[in-house]
file data.cif (mmCIF, C-alpha atoms)
data_data
#
loop_
_atom_site.label_atom_id
_atom_site.label_comp_id
_atom_site.auth_asym_id
_atom_site.auth_seq_id
_atom_site.Cartn_x
_atom_site.Cartn_y
_atom_site.Cartn_z
CA MET E 115 -2.68 -35.34 6.46
CA LEU E 116 0.88 -34.14 6.93
CA THR E 117 0.17 -31.10 4.73
CA SER E 118 -2.90 -30.29 6.79
CA GLN E 119 -0.92 -30.49 10.05
CA PHE E 120 1.84 -28.33 8.61
CA LEU E 121 -0.74 -25.76 7.44
CA ASN E 122 -2.30 -25.70 10.91
CA SER E 123 1.12 -25.10 12.45
CA LEU E 124 1.81 -22.30 9.96
CA ALA E 125 -1.50 -20.64 10.90
CA TYR E 126 -0.48 -20.67 14.57
CA PHE E 127 3.00 -19.36 13.69
CA GLU E 128 1.36 -16.58 11.71
CA VAL E 129 -0.61 -15.47 14.76
CA LEU E 130 2.53 -15.58 16.92
CA PHE E 131 4.62 -13.60 14.43
CA CYS E 132 1.82 -11.01 14.10
CA LEU E 133 1.83 -10.59 17.86
CA ALA E 134 5.63 -10.35 17.92
CA ALA E 135 5.67 -7.65 15.21
CA LEU E 136 2.93 -5.71 17.04
CA CYS E 137 4.89 -5.92 20.30
CA ALA E 138 8.07 -4.72 18.54
CA ILE E 139 6.23 -1.71 17.06
CA THR E 140 4.68 -0.86 20.44
CA LEU E 141 7.90 -1.30 22.46
CA LYS E 142 9.91 0.86 20.05
CA LYS E 143 7.13 3.52 20.13
CA GLN E 144 6.68 3.43 16.35
CA TRP E 145 2.87 3.73 16.31
CA PRO E 146 2.78 7.43 15.30
CA GLU E 147 4.84 6.73 12.16
CA TYR E 148 3.66 3.21 11.36
CA TRP E 149 0.06 3.23 12.62
CA SER E 150 -1.18 1.83 9.29
CA LEU E 151 1.21 -1.13 9.50
CA GLY E 152 0.17 -1.63 13.12
CA GLY E 153 -3.48 -1.56 12.02
CA PHE E 154 -2.72 -4.08 9.26
CA LEU E 155 -1.04 -6.44 11.74
CA ALA E 156 -3.78 -5.98 14.35
CA THR E 157 -6.47 -6.76 11.75
CA ARG E 158 -4.56 -9.86 10.65
CA PHE E 159 -4.03 -10.96 14.25
CA LEU E 160 -7.67 -10.52 15.27
CA SER E 161 -9.06 -12.10 12.09
CA ASP E 162 -6.74 -15.11 12.45
CA LEU E 163 -7.75 -15.52 16.08
CA ILE E 164 -11.41 -15.69 15.00
CA LEU E 165 -10.85 -17.68 11.79
CA ILE E 166 -8.85 -20.57 13.30
CA PRO E 167 -11.67 -21.86 15.57
CA LEU E 168 -14.30 -21.09 12.91
CA TYR E 169 -12.38 -23.17 10.35
CA HIS E 170 -12.22 -26.15 12.71
CA LEU E 171 -15.96 -25.80 13.38
CA SER E 172 -16.78 -25.56 9.65
CA VAL E 173 -15.15 -28.92 8.83
CA PRO E 174 -17.94 -31.56 9.05
CA VAL E 175 -17.20 -34.11 11.77
CA PRO E 176 -19.25 -37.29 12.42
CA GLY E 177 -21.59 -36.62 15.32
CA GLN E 178 -21.65 -32.86 14.82
CA SER E 179 -24.75 -31.07 13.52
CA PRO E 180 -24.35 -29.99 9.83
CA ALA E 181 -26.16 -26.73 10.69
CA ILE E 182 -23.32 -25.71 13.03
CA ALA E 183 -20.73 -26.47 10.33
CA HIS E 184 -22.73 -24.48 7.79
CA ARG E 185 -23.13 -21.47 10.10
CA ALA E 186 -19.43 -21.59 10.94
CA TYR E 187 -18.57 -21.65 7.22
CA VAL E 188 -20.80 -18.62 6.52
CA ALA E 189 -19.11 -16.68 9.34
CA TYR E 190 -15.68 -17.86 8.12
CA PHE E 191 -16.46 -16.73 4.55
CA TYR E 192 -17.52 -13.19 5.48
CA ILE E 193 -14.85 -12.62 8.14
CA TYR E 194 -12.12 -13.87 5.78
CA TRP E 195 -13.10 -11.64 2.85
CA ILE E 196 -14.03 -8.55 4.90
CA SER E 197 -10.75 -8.70 6.84
CA TYR E 198 -8.97 -9.15 3.50
CA ALA E 199 -10.64 -5.97 2.18
CA ILE E 200 -9.65 -4.01 5.31
CA GLU E 201 -6.07 -5.31 5.02
CA SER E 202 -5.90 -4.29 1.33
CA VAL E 203 -6.97 -0.73 2.16
CA LEU E 204 -4.56 -0.59 5.12
CA ALA E 205 -1.73 -1.92 2.92
CA LEU E 206 -2.42 0.93 0.47
CA ILE E 207 -2.13 3.39 3.38
CA VAL E 208 1.12 1.67 4.47
CA VAL E 209 2.53 2.22 0.96
CA TYR E 210 1.43 5.87 1.12
CA SER E 211 2.99 6.46 4.55
CA VAL E 212 6.25 4.70 3.58
CA PHE E 213 6.54 7.02 0.58
CA ARG E 214 5.84 10.03 2.85
CA LEU E 215 8.54 8.95 5.32
CA ALA E 216 11.10 8.19 2.61
CA MET E 217 10.64 11.60 0.97
CA ALA E 218 10.51 13.59 4.23
CA PRO E 219 13.72 15.62 3.56
CA LEU E 220 12.46 16.84 0.17
CA LYS E 221 9.15 18.42 1.17
CA GLY E 222 8.27 19.73 -2.27
CA LEU E 223 8.72 16.42 -4.06
CA GLN E 224 7.00 14.68 -1.15
CA GLN E 225 3.88 16.82 -1.55
CA LEU E 226 3.86 16.37 -5.33
CA GLY E 227 4.36 12.59 -5.07
CA MET E 228 1.64 12.24 -2.44
CA LEU E 229 -0.78 14.19 -4.61
CA VAL E 230 -0.05 11.93 -7.60
CA PHE E 231 -0.28 8.83 -5.39
CA ARG E 232 -3.67 9.87 -3.96
CA TRP E 233 -5.09 10.35 -7.44
CA ALA E 234 -3.60 7.10 -8.77
CA ALA E 235 -4.84 5.12 -5.76
CA SER E 236 -8.34 6.64 -5.87
CA ILE E 237 -8.74 5.96 -9.60
CA SER E 238 -7.36 2.41 -9.19
CA VAL E 239 -9.80 1.64 -6.37
CA VAL E 240 -12.79 2.96 -8.37
CA VAL E 241 -11.69 0.96 -11.45
CA ALA E 242 -11.16 -2.18 -9.32
CA LEU E 243 -14.64 -1.93 -7.77
CA GLY E 244 -16.21 -1.15 -11.15
CA SER E 245 -14.47 -3.87 -13.14
CA ALA E 246 -15.49 -6.51 -10.59
CA PHE E 247 -19.12 -5.96 -11.47
CA ALA E 248 -20.70 -8.34 -13.99
CA PRO E 249 -24.27 -9.33 -14.86
CA ASP E 250 -25.92 -12.16 -12.86
CA MET E 251 -23.57 -11.69 -9.94
CA THR E 252 -24.48 -12.60 -6.40
CA ARG E 253 -23.41 -10.47 -3.45
CA ALA E 254 -20.83 -13.02 -2.34
CA LYS E 255 -19.31 -13.31 -5.83
CA TYR E 256 -19.11 -9.53 -6.16
CA LEU E 257 -17.43 -9.29 -2.76
CA VAL E 258 -14.78 -11.84 -3.77
CA ALA E 259 -14.21 -10.31 -7.23
CA ALA E 260 -14.00 -6.72 -5.94
CA ILE E 261 -11.57 -7.61 -3.17
CA SER E 262 -9.41 -9.62 -5.58
CA GLN E 263 -9.22 -6.66 -7.98
CA LEU E 264 -8.46 -4.28 -5.10
CA GLN E 265 -5.69 -6.55 -3.89
CA ARG E 266 -4.18 -6.81 -7.36
CA THR E 267 -4.19 -3.01 -7.66
CA GLN E 268 -2.56 -2.66 -4.28
CA SER E 269 0.09 -5.26 -5.20
CA ILE E 270 1.07 -3.38 -8.36
CA LEU E 271 1.31 -0.06 -6.49
CA THR E 272 3.36 -1.76 -3.77
CA LEU E 273 5.87 -3.14 -6.28
CA CYS E 274 6.21 0.32 -7.86
CA LEU E 275 6.93 1.75 -4.39
CA LEU E 276 9.46 -0.99 -3.63
CA VAL E 277 11.41 -0.27 -6.83
CA PHE E 278 11.35 3.46 -6.04
CA VAL E 279 12.45 2.98 -2.41
CA CYS E 280 15.21 0.56 -3.44
CA PHE E 281 16.78 3.01 -5.89
CA ALA E 282 16.08 6.25 -3.97
CA ILE E 283 16.98 5.01 -0.49
CA LEU E 284 20.70 5.87 -0.63
CA PRO E 285 20.24 9.41 -2.08
CA MET E 286 17.55 9.98 0.59
CA GLY E 287 20.11 9.40 3.38
CA LEU E 288 18.77 5.96 4.36
CA ASN E 289 20.26 2.50 4.03
CA TYR E 290 19.08 -1.09 3.78
CA GLY E 291 18.86 -1.36 7.58
CA SER E 292 16.16 1.35 7.69
CA ARG E 293 12.65 0.39 8.72
CA ILE E 294 11.32 2.13 5.63
CA PHE E 295 13.19 -0.37 3.48
CA GLY E 296 12.24 -3.33 5.70
CA VAL E 297 8.53 -2.50 5.52
CA SER E 298 8.69 -1.95 1.75
CA LEU E 299 10.57 -5.21 1.21
CA GLY E 300 8.01 -7.19 3.25
CA LEU E 301 5.12 -5.60 1.36
CA GLY E 302 6.90 -6.24 -1.95
CA ILE E 303 7.37 -9.95 -1.19
CA MET E 304 3.69 -10.22 -0.24
CA ALA E 305 2.65 -8.36 -3.40
CA THR E 306 4.72 -10.65 -5.65
CA THR E 307 3.31 -13.72 -3.89
CA ASP E 308 -0.23 -12.43 -4.45
CA LEU E 309 0.36 -11.77 -8.14
CA VAL E 310 2.07 -15.13 -8.72
CA GLN E 311 -0.76 -16.82 -6.88
CA SER E 312 -3.25 -15.06 -9.10
CA ALA E 313 -1.54 -16.50 -12.19
CA TRP E 314 -1.10 -19.92 -10.52
CA LEU E 315 -4.80 -20.21 -9.63
CA ALA E 316 -5.73 -19.24 -13.18
CA PHE E 317 -3.86 -22.25 -14.61
CA LEU E 318 -4.11 -24.72 -11.73
CA PRO E 319 -7.35 -23.79 -9.96
CA HIS E 320 -7.50 -26.95 -7.82
CA PHE E 321 -4.03 -26.60 -6.30
CA HIS E 322 -5.18 -24.40 -3.44
CA SER E 323 -3.59 -26.43 -0.68
CA ALA E 324 -0.18 -26.46 -2.39
CA TYR E 325 -0.29 -22.71 -2.70
CA SER E 326 -1.57 -22.29 0.87
CA LEU E 327 1.73 -23.86 1.99
CA VAL E 328 3.70 -21.31 -0.05
CA ASN E 329 1.48 -18.52 1.32
CA GLY E 330 1.94 -19.69 4.89
CA VAL E 331 5.73 -19.84 4.62
CA VAL E 332 5.92 -16.45 2.87
CA ILE E 333 3.75 -14.65 5.44
CA CYS E 334 5.80 -16.09 8.31
CA VAL E 335 9.03 -14.91 6.62
CA VAL E 336 7.56 -11.43 6.01
CA LEU E 337 6.29 -11.09 9.59
CA ALA E 338 9.64 -12.28 10.97
CA THR E 339 11.41 -9.70 8.77
CA TRP E 340 9.20 -6.89 10.08
CA THR E 341 9.70 -8.04 13.67
CA ALA E 342 13.48 -8.02 13.20
CA TYR E 343 13.49 -4.58 11.57
CA PHE E 344 11.40 -3.08 14.37
CA ALA E 345 13.16 -4.91 17.19
CA LEU E 346 16.68 -3.96 16.10
CA PRO E 347 17.92 -0.37 16.45
CA GLU E 348 17.50 1.67 13.29
CA PRO E 349 20.58 3.37 11.76
CA LYS E 350 20.31 7.16 11.81
CA ARG E 351 19.47 8.98 8.62
CA ARG E 352 22.50 10.61 6.98
CA MET E 353 22.44 14.30 6.19
CA ILE E 354 21.60 14.74 2.54
CA VAL E 355 23.99 16.95 0.59
CA LEU E 356 22.98 17.81 -2.94
CA PRO E 357 24.98 19.86 -5.45
CA THR E 358 23.40 23.21 -6.25
CA THR E 359 22.93 22.04 -9.83
CA SER E 360 21.05 18.90 -8.77
CA PRO E 361 17.77 18.38 -10.65
CA PHE E 362 16.33 16.91 -7.40
CA LEU E 363 16.94 20.24 -5.66
CA ARG E 364 15.53 22.26 -8.54
CA TRP E 365 12.38 20.12 -8.82
CA ASN E 366 11.96 20.24 -5.06
CA GLN E 367 12.05 24.06 -5.10
CA ILE E 368 9.58 24.17 -7.98
CA SER E 369 7.25 21.70 -6.22
CA GLN E 370 7.37 23.68 -2.98
CA ILE E 371 5.94 26.80 -4.56
CA LEU E 372 3.31 24.93 -6.59
CA GLY E 373 -0.13 25.68 -5.19
CA ASP E 374 0.94 28.72 -3.17
CA ASN E 375 -1.45 31.66 -3.10
CA PRO E 376 -0.26 34.17 -5.72
CA GLY E 377 0.61 37.82 -5.02
CA PHE E 378 -1.32 40.59 -6.80
CA VAL E 379 -0.04 43.61 -8.75
CA ALA E 380 -2.11 46.75 -9.48
CA VAL E 381 -1.79 47.40 -13.20
CA GLY E 382 -4.46 50.09 -13.81
CA GLY E 383 -4.73 53.65 -12.51
CA MET E 384 -4.82 53.72 -8.73
CA PRO E 385 -6.71 56.51 -6.91
CA PRO E 386 -4.69 58.13 -4.03
CA GLU E 387 -7.51 57.35 -1.56
CA LEU E 388 -6.47 53.68 -1.62
CA LEU E 389 -3.09 54.54 -0.08
CA ALA E 390 -2.51 55.14 3.60
CA PRO E 391 -1.40 58.69 4.59
CA ALA E 392 2.03 57.39 5.56
CA GLU E 393 2.46 55.74 2.15
CA LEU E 394 1.44 59.00 0.39
CA GLU E 395 3.97 60.94 2.48
CA VAL E 396 6.76 58.50 1.60
CA MET E 397 5.96 58.65 -2.10
CA GLN E 398 5.79 62.49 -2.08
CA ARG E 399 9.15 62.79 -0.31
CA ALA E 400 10.72 60.26 -2.66
CA SER E 401 9.50 62.13 -5.74
CA ARG E 402 10.83 65.41 -4.33
CA LYS E 403 14.27 63.87 -3.96
CA MET E 404 14.39 62.65 -7.56
CA VAL E 405 17.32 64.33 -9.37
CA VAL E 406 15.79 64.10 -12.85
CA PRO E 407 12.32 65.64 -12.97
CA PHE E 408 9.65 63.16 -13.99
CA PRO E 409 8.45 63.91 -17.57
CA ARG E 410 4.96 65.50 -17.57
CA SER E 411 4.04 63.90 -20.85
CA MET E 412 5.52 61.53 -23.42
CA SER E 413 6.32 64.43 -25.72
CA ALA E 414 8.28 66.34 -23.05
CA MET N 132 25.15 -5.65 -0.82
CA LYS N 133 23.67 -2.89 -2.95
CA ILE N 134 23.78 -5.06 -6.07
CA ILE N 135 22.24 -8.06 -4.28
CA VAL N 136 19.35 -6.01 -2.86
CA ARG N 137 18.70 -4.27 -6.16
CA SER N 138 18.76 -7.60 -8.04
CA LEU N 139 16.29 -9.07 -5.54
CA VAL N 140 13.93 -6.11 -5.89
CA ILE N 141 14.13 -6.16 -9.69
CA ALA N 142 13.48 -9.93 -9.64
CA LEU N 143 10.39 -9.36 -7.45
CA ALA N 144 9.09 -6.59 -9.72
CA VAL N 145 9.69 -8.57 -12.94
CA THR N 146 8.06 -11.69 -11.46
CA GLY N 147 5.07 -9.60 -10.41
CA ALA N 148 4.78 -8.05 -13.87
CA ILE N 149 4.95 -11.44 -15.64
CA ALA N 150 2.43 -12.94 -13.21
CA THR N 151 0.04 -10.03 -13.80
CA SER N 152 0.20 -10.48 -17.55
CA TYR N 153 -0.46 -14.24 -17.19
CA ALA N 154 -3.35 -13.64 -14.79
CA ASN N 155 -4.90 -11.03 -17.08
CA ALA N 156 -4.51 -13.24 -20.15
CA SER N 157 -6.36 -16.09 -18.48
CA SER N 158 -8.96 -14.08 -16.57
CA SER N 159 -11.85 -15.44 -18.66
CA LYS N 160 -10.69 -19.00 -18.03
CA THR N 161 -10.37 -18.28 -14.32
CA THR N 162 -13.95 -17.14 -13.87
CA ALA N 163 -15.20 -20.24 -15.65
CA THR N 164 -13.26 -22.85 -13.71
CA ALA N 165 -11.75 -21.52 -10.52
CA PRO N 166 -13.81 -20.57 -7.49
CA VAL N 167 -11.47 -17.68 -6.61
CA SER N 168 -8.60 -15.99 -8.39
CA LEU N 169 -6.77 -14.61 -5.36
CA SER N 170 -6.44 -15.17 -1.66
CA LYS N 171 -4.72 -13.66 1.36
CA THR N 172 -1.03 -14.27 1.81
CA SER N 173 -1.88 -16.39 4.80
CA ALA N 174 -1.87 -19.99 5.94
CA MET N 175 -5.62 -19.83 6.48
CA PRO N 176 -7.62 -21.83 3.87
CA VAL N 177 -9.45 -19.79 1.22
CA PRO N 178 -13.26 -19.90 1.43
CA GLY N 179 -13.98 -19.98 -2.30
CA CYS N 180 -17.41 -21.65 -2.28
CA PRO N 181 -20.53 -19.49 -1.88
CA PRO N 182 -21.87 -19.35 1.69
CA SER N 183 -25.20 -20.83 0.57
CA ASP N 184 -23.51 -24.00 -0.72
CA PRO N 185 -20.18 -24.71 1.00
CA GLY N 186 -19.74 -28.10 -0.66
CA SER N 187 -20.28 -26.98 -4.25
CA CYS N 188 -16.62 -26.51 -5.16
CA GLN N 189 -14.88 -29.21 -3.15
#
call {"tool": "encode", "arguments": {"input": "data.cif", "output": "structure tokens"}}
result
Amino acid sequence: MLTSQFLNSLAYFEVLFCLAALCAITLKKQWPEYWSLGGFLATRFLSDLILIPLYHLSVPVPGQSPAIAHRAYVAYFYIYWISYAIESVLALIVVYSVFRLAMAPLKGLQQLGMLVFRWAASISVVVALGSAFAPDMTRAKYLVAAISQLQRTQSILTLCLLVFVCFAILPMGLNYGSRIFGVSLGLGIMATTDLVQSAWLAFLPHFHSAYSLVNGVVICVVLATWTAYFALPEPKRRMIVLPTTSPFLRWNQISQILGDNPGFVAVGGMPPELLAPAELEVMQRASRKMVVPFPRSMSA
Amino acid sequence: MKIIVRSLVIALAVTGAIATSYANASSSKTTATAPVSLSKTSAMPVPGCPPSDPGSCQ
């Protein structure tokens, strides 16, 4: 009973923290840079607002029609899993945009990294949706399995990003007070919780309520962290100074010219009609000025 | 500060990696016994039972 009350309180706190983080993003005018995180929080806020009353309706109470409870449960089931799928996709976009922001000073490496990320994410999503399929599966089971795989994929990508941001943040001119780091840290904590939960439920499948408590506390901590990072002023990015021999600089230059349209060189005989009269005049005058006469043949 | 943050991040990544390997190793067991293998990081209860039979896994 106490656990249930505590869980209910955590659900309300979650809604409040979501709203606080959304307000912080809006007040600090961070929507253009963090629209995906804003979308993630808005989806969570709206889904929680709908799910809380639906959950209370779905619990059978003496005197209430079982049909109402059943209908409420069906609505709860689909809204929960569909909002979870939307949040997984938005979290992937958050990871992508955090990487883009972190690598902004090194445009070449940023473009190369985003290209690799897009391919990795696309292949992971296709594999997740494909591996969730099994014979004799109902639509509801497929929905749950596919979203679980998608979430696991997103969690692994998020942890990879967090490790990258943690080690590259100082060379990129940022520090641990930057919003980029705060968002990555929050996502990383959520990703680890998801993966640990996945292992936990595999061994102790009937301990849902115990893990719901952990989940509730973790999400409140993460949302409070994001609110604090967005509410507090962000330290300015330092100017990045790299030595001319830096491999970062060299790879950035190489990446910047990758994919550029190539120039063309005429290698065969070129008829004079292709040249403009002014070009012909220049070439004739230049050849007249040559001190050494041009050999007429190889034998000359 | 730098060492603390880096240790925390490495701890998160290592925990995630170990948890993934455990979850993958027991995936066949999971499908046989557990209604769901993952849920939102949220205080909201997980609807693991099929919509046609809400009481089947309680």
call {"tool": "interface_residues", "arguments": {"input": "data.cif", "of": "chain E", "to": "chain N", "cutoff": "7 Å", "atoms": "all atoms listed in the file", "output": "list in words"}}
result
Leu121, Leu124, Ala125, Tyr187, Val188, Phe191, Tyr198, Ala254, Ser262, Leu273, Val277, Cys280, Ile303, Met304, Thr306, Asp308, Leu309, Val310, Gln311, Ser312, Ala313, Leu315, Ala316, Pro319, Ser326, Leu327, Asn329, Gly330 and Ile333 of chain E
call {"tool": "atom_distance", "arguments": {"input": "data.cif", "atom1": "atom CA of Met217 of chain E", "atom2": "atom CA of Val279 of chain E"}}
result
9.4 Å
call {"tool": "atom_distance", "arguments": {"input": "data.cif", "atom1": "atom CA of Asp162 of chain E", "atom2": "atom CA of Gln144 of chain E"}}
result
23.2 Å
call {"tool": "atom_distance", "arguments": {"input": "data.cif", "atom1": "atom CA of Thr157 of chain E", "atom2": "atom CA of Gln265 of chain E"}}
result
15.7 Å
call {"tool": "resolve_selection", "arguments": {"input": "data.cif", "expression": "the PyMOL selection byres ((chain E and resi 239-248) around 7)", "output": "PyMOL selection string"}}
result
chain E and resi 235-238+249-251+256+259-260+263-264
call {"tool": "write_last_selection", "arguments": {"input": "data.cif", "atoms": "C-alpha atoms", "output": "short mmCIF file (atom, residue, chain, number, x, y, z; two decimals), keeping the file's coordinate frame"}}
result
data_model
loop_
_atom_site.label_atom_id
_atom_site.label_comp_id
_atom_site.auth_asym_id
_atom_site.auth_seq_id
_atom_site.Cartn_x
_atom_site.Cartn_y
_atom_site.Cartn_z
CA ALA E 235 -4.84 5.12 -5.76
CA SER E 236 -8.34 6.64 -5.87
CA ILE E 237 -8.74 5.96 -9.60
CA SER E 238 -7.36 2.41 -9.19
CA PRO E 249 -24.27 -9.33 -14.86
CA ASP E 250 -25.92 -12.16 -12.86
CA MET E 251 -23.57 -11.69 -9.94
CA TYR E 256 -19.11 -9.53 -6.16
CA ALA E 259 -14.21 -10.31 -7.23
CA ALA E 260 -14.00 -6.72 -5.94
CA GLN E 263 -9.22 -6.66 -7.98
CA LEU E 264 -8.46 -4.28 -5.10
#
call {"tool": "resolve_selection", "arguments": {"input": "data.cif", "expression": "the PyMOL selection byres ((chain E and resi 348) around 12)", "output": "list in words"}}
result
Lys142, Gln144, Leu288, Asn289, Tyr290, Gly291, Ser292, Arg293, Ile294, Phe295, Gly296, Ala342, Tyr343, Phe344, Ala345, Leu346, Pro347, Pro349, Lys350 and Arg351 of chain E
call {"tool": "resolve_selection", "arguments": {"input": "data.cif", "expression": "the PyMOL selection byres ((chain E and resi 140) around 12)", "output": "PyMOL selection string"}}
result
chain E and resi 133-139+141-149+151-153+155-156+341+344-345
call {"tool": "write_last_selection", "arguments": {"input": "data.cif", "atoms": "C-alpha atoms", "output": "PDB file, in the frame of the given file"}}
result
ATOM      1  CA  LEU E 133       1.830 -10.590  17.860  1.00  0.00           C
ATOM      2  CA  ALA E 134       5.630 -10.350  17.920  1.00  0.00           C
ATOM      3  CA  ALA E 135       5.670  -7.650  15.210  1.00  0.00           C
ATOM      4  CA  LEU E 136       2.930  -5.710  17.040  1.00  0.00           C
ATOM      5  CA  CYS E 137       4.890  -5.920  20.300  1.00  0.00           C
ATOM      6  CA  ALA E 138       8.070  -4.720  18.540  1.00  0.00           C
ATOM      7  CA  ILE E 139       6.230  -1.710  17.060  1.00  0.00           C
ATOM      8  CA  LEU E 141       7.900  -1.300  22.460  1.00  0.00           C
ATOM      9  CA  LYS E 142       9.910   0.860  20.050  1.00  0.00           C
ATOM     10  CA  LYS E 143       7.130   3.520  20.130  1.00  0.00           C
ATOM     11  CA  GLN E 144       6.680   3.430  16.350  1.00  0.00           C
ATOM     12  CA  TRP E 145       2.870   3.730  16.310  1.00  0.00           C
ATOM     13  CA  PRO E 146       2.780   7.430  15.300  1.00  0.00           C
ATOM     14  CA  GLU E 147       4.840   6.730  12.160  1.00  0.00           C
ATOM     15  CA  TYR E 148       3.660   3.210  11.360  1.00  0.00           C
ATOM     16  CA  TRP E 149       0.060   3.230  12.620  1.00  0.00           C
ATOM     17  CA  LEU E 151       1.210  -1.130   9.500  1.00  0.00           C
ATOM     18  CA  GLY E 152       0.170  -1.630  13.120  1.00  0.00           C
ATOM     19  CA  GLY E 153      -3.480  -1.560  12.020  1.00  0.00           C
ATOM     20  CA  LEU E 155      -1.040  -6.440  11.740  1.00  0.00           C
ATOM     21  CA  ALA E 156      -3.780  -5.980  14.350  1.00  0.00           C
ATOM     22  CA  THR E 341       9.700  -8.040  13.670  1.00  0.00           C
ATOM     23  CA  PHE E 344      11.400  -3.080  14.370  1.00  0.00           C
ATOM     24  CA  ALA E 345      13.160  -4.910  17.190  1.00  0.00           C
TER      25      ALA E 345
END
call {"tool": "residues_near_point", "arguments": {"input": "data.cif", "point": "(-3.9, 1.6, 0.0)", "cutoff": "12 Å", "atoms": "all atoms listed in the file", "output": "PyMOL selection string"}}
result
chain E and resi 150-151+154+199-213+231-239+264-272+275+301
call {"tool": "residues_around", "arguments": {"input": "data.cif", "residues": "segment 218-223 of chain E", "least_positions_apart": "3", "cutoff": "6 Å", "atoms": "all atoms listed in the file", "output": "PyMOL selection string"}}
result
chain E and resi 215+226-227+366+369-370
call {"tool": "residues_near_point", "arguments": {"input": "data.cif", "point": "(-16.7, -25.8, 10.8)", "cutoff": "6 Å", "atoms": "all atoms listed in the file", "output": "PyMOL selection string"}}
result
chain E and resi 168-173+183+186-187
call {"tool": "decode", "arguments": {"input": "data.cif", "residues": "segment 124-165 of chain E", "atoms": "C-alpha atoms", "output": "PDB file, in the first residue's frame"}}
result
ATOM      1  CA  LEU E 124       6.467   9.743  -8.113  1.00  0.00           C
ATOM      2  CA  ALA E 125       4.161   9.768 -11.158  1.00  0.00           C
ATOM      3  CA  TYR E 126       2.868  13.212 -10.161  1.00  0.00           C
ATOM      4  CA  PHE E 127       6.420  14.437  -9.501  1.00  0.00           C
ATOM      5  CA  GLU E 128       7.411  13.180 -12.931  1.00  0.00           C
ATOM      6  CA  VAL E 129       4.705  15.300 -14.558  1.00  0.00           C
ATOM      7  CA  LEU E 130       5.770  18.347 -12.533  1.00  0.00           C
ATOM      8  CA  PHE E 131       9.467  17.925 -13.371  1.00  0.00           C
ATOM      9  CA  CYS E 132       8.602  17.472 -17.074  1.00  0.00           C
ATOM     10  CA  LEU E 133       6.690  20.728 -16.986  1.00  0.00           C
ATOM     11  CA  ALA E 134       9.544  22.461 -15.148  1.00  0.00           C
ATOM     12  CA  ALA E 135      12.127  21.282 -17.703  1.00  0.00           C
ATOM     13  CA  LEU E 136       9.859  22.383 -20.578  1.00  0.00           C
ATOM     14  CA  CYS E 137       9.414  25.812 -18.970  1.00  0.00           C
ATOM     15  CA  ALA E 138      13.194  26.145 -18.482  1.00  0.00           C
ATOM     16  CA  ILE E 139      13.845  25.310 -22.159  1.00  0.00           C
ATOM     17  CA  THR E 140      11.162  27.765 -23.299  1.00  0.00           C
ATOM     18  CA  LEU E 141      12.238  30.606 -20.983  1.00  0.00           C
ATOM     19  CA  LYS E 142      15.895  30.282 -21.992  1.00  0.00           C
ATOM     20  CA  LYS E 143      14.850  30.204 -25.699  1.00  0.00           C
ATOM     21  CA  GLN E 144      16.579  26.871 -26.300  1.00  0.00           C
ATOM     22  CA  TRP E 145      13.922  25.352 -28.592  1.00  0.00           C
ATOM     23  CA  PRO E 146      15.863  25.896 -31.859  1.00  0.00           C
ATOM     24  CA  GLU E 147      18.838  23.902 -30.534  1.00  0.00           C
ATOM     25  CA  TYR E 148      17.038  21.408 -28.314  1.00  0.00           C
ATOM     26  CA  TRP E 149      13.711  20.946 -30.107  1.00  0.00           C
ATOM     27  CA  SER E 150      14.090  17.155 -29.988  1.00  0.00           C
ATOM     28  CA  LEU E 151      14.570  17.187 -26.206  1.00  0.00           C
ATOM     29  CA  GLY E 152      11.609  19.554 -25.921  1.00  0.00           C
ATOM     30  CA  GLY E 153       9.563  17.148 -28.055  1.00  0.00           C
ATOM     31  CA  PHE E 154      10.660  14.229 -25.862  1.00  0.00           C
ATOM     32  CA  LEU E 155       9.596  16.072 -22.702  1.00  0.00           C
ATOM     33  CA  ALA E 156       6.326  17.251 -24.246  1.00  0.00           C
ATOM     34  CA  THR E 157       5.478  13.684 -25.333  1.00  0.00           C
ATOM     35  CA  ARG E 158       6.271  12.394 -21.846  1.00  0.00           C
ATOM     36  CA  PHE E 159       4.239  15.169 -20.221  1.00  0.00           C
ATOM     37  CA  LEU E 160       1.169  14.647 -22.416  1.00  0.00           C
ATOM     38  CA  SER E 161       1.298  10.846 -22.209  1.00  0.00           C
ATOM     39  CA  ASP E 162       1.621  10.958 -18.404  1.00  0.00           C
ATOM     40  CA  LEU E 163      -1.290  13.375 -18.181  1.00  0.00           C
ATOM     41  CA  ILE E 164      -3.451  10.888 -20.119  1.00  0.00           C
ATOM     42  CA  LEU E 165      -2.036   7.720 -18.522  1.00  0.00           C
TER      43      LEU E 165
END
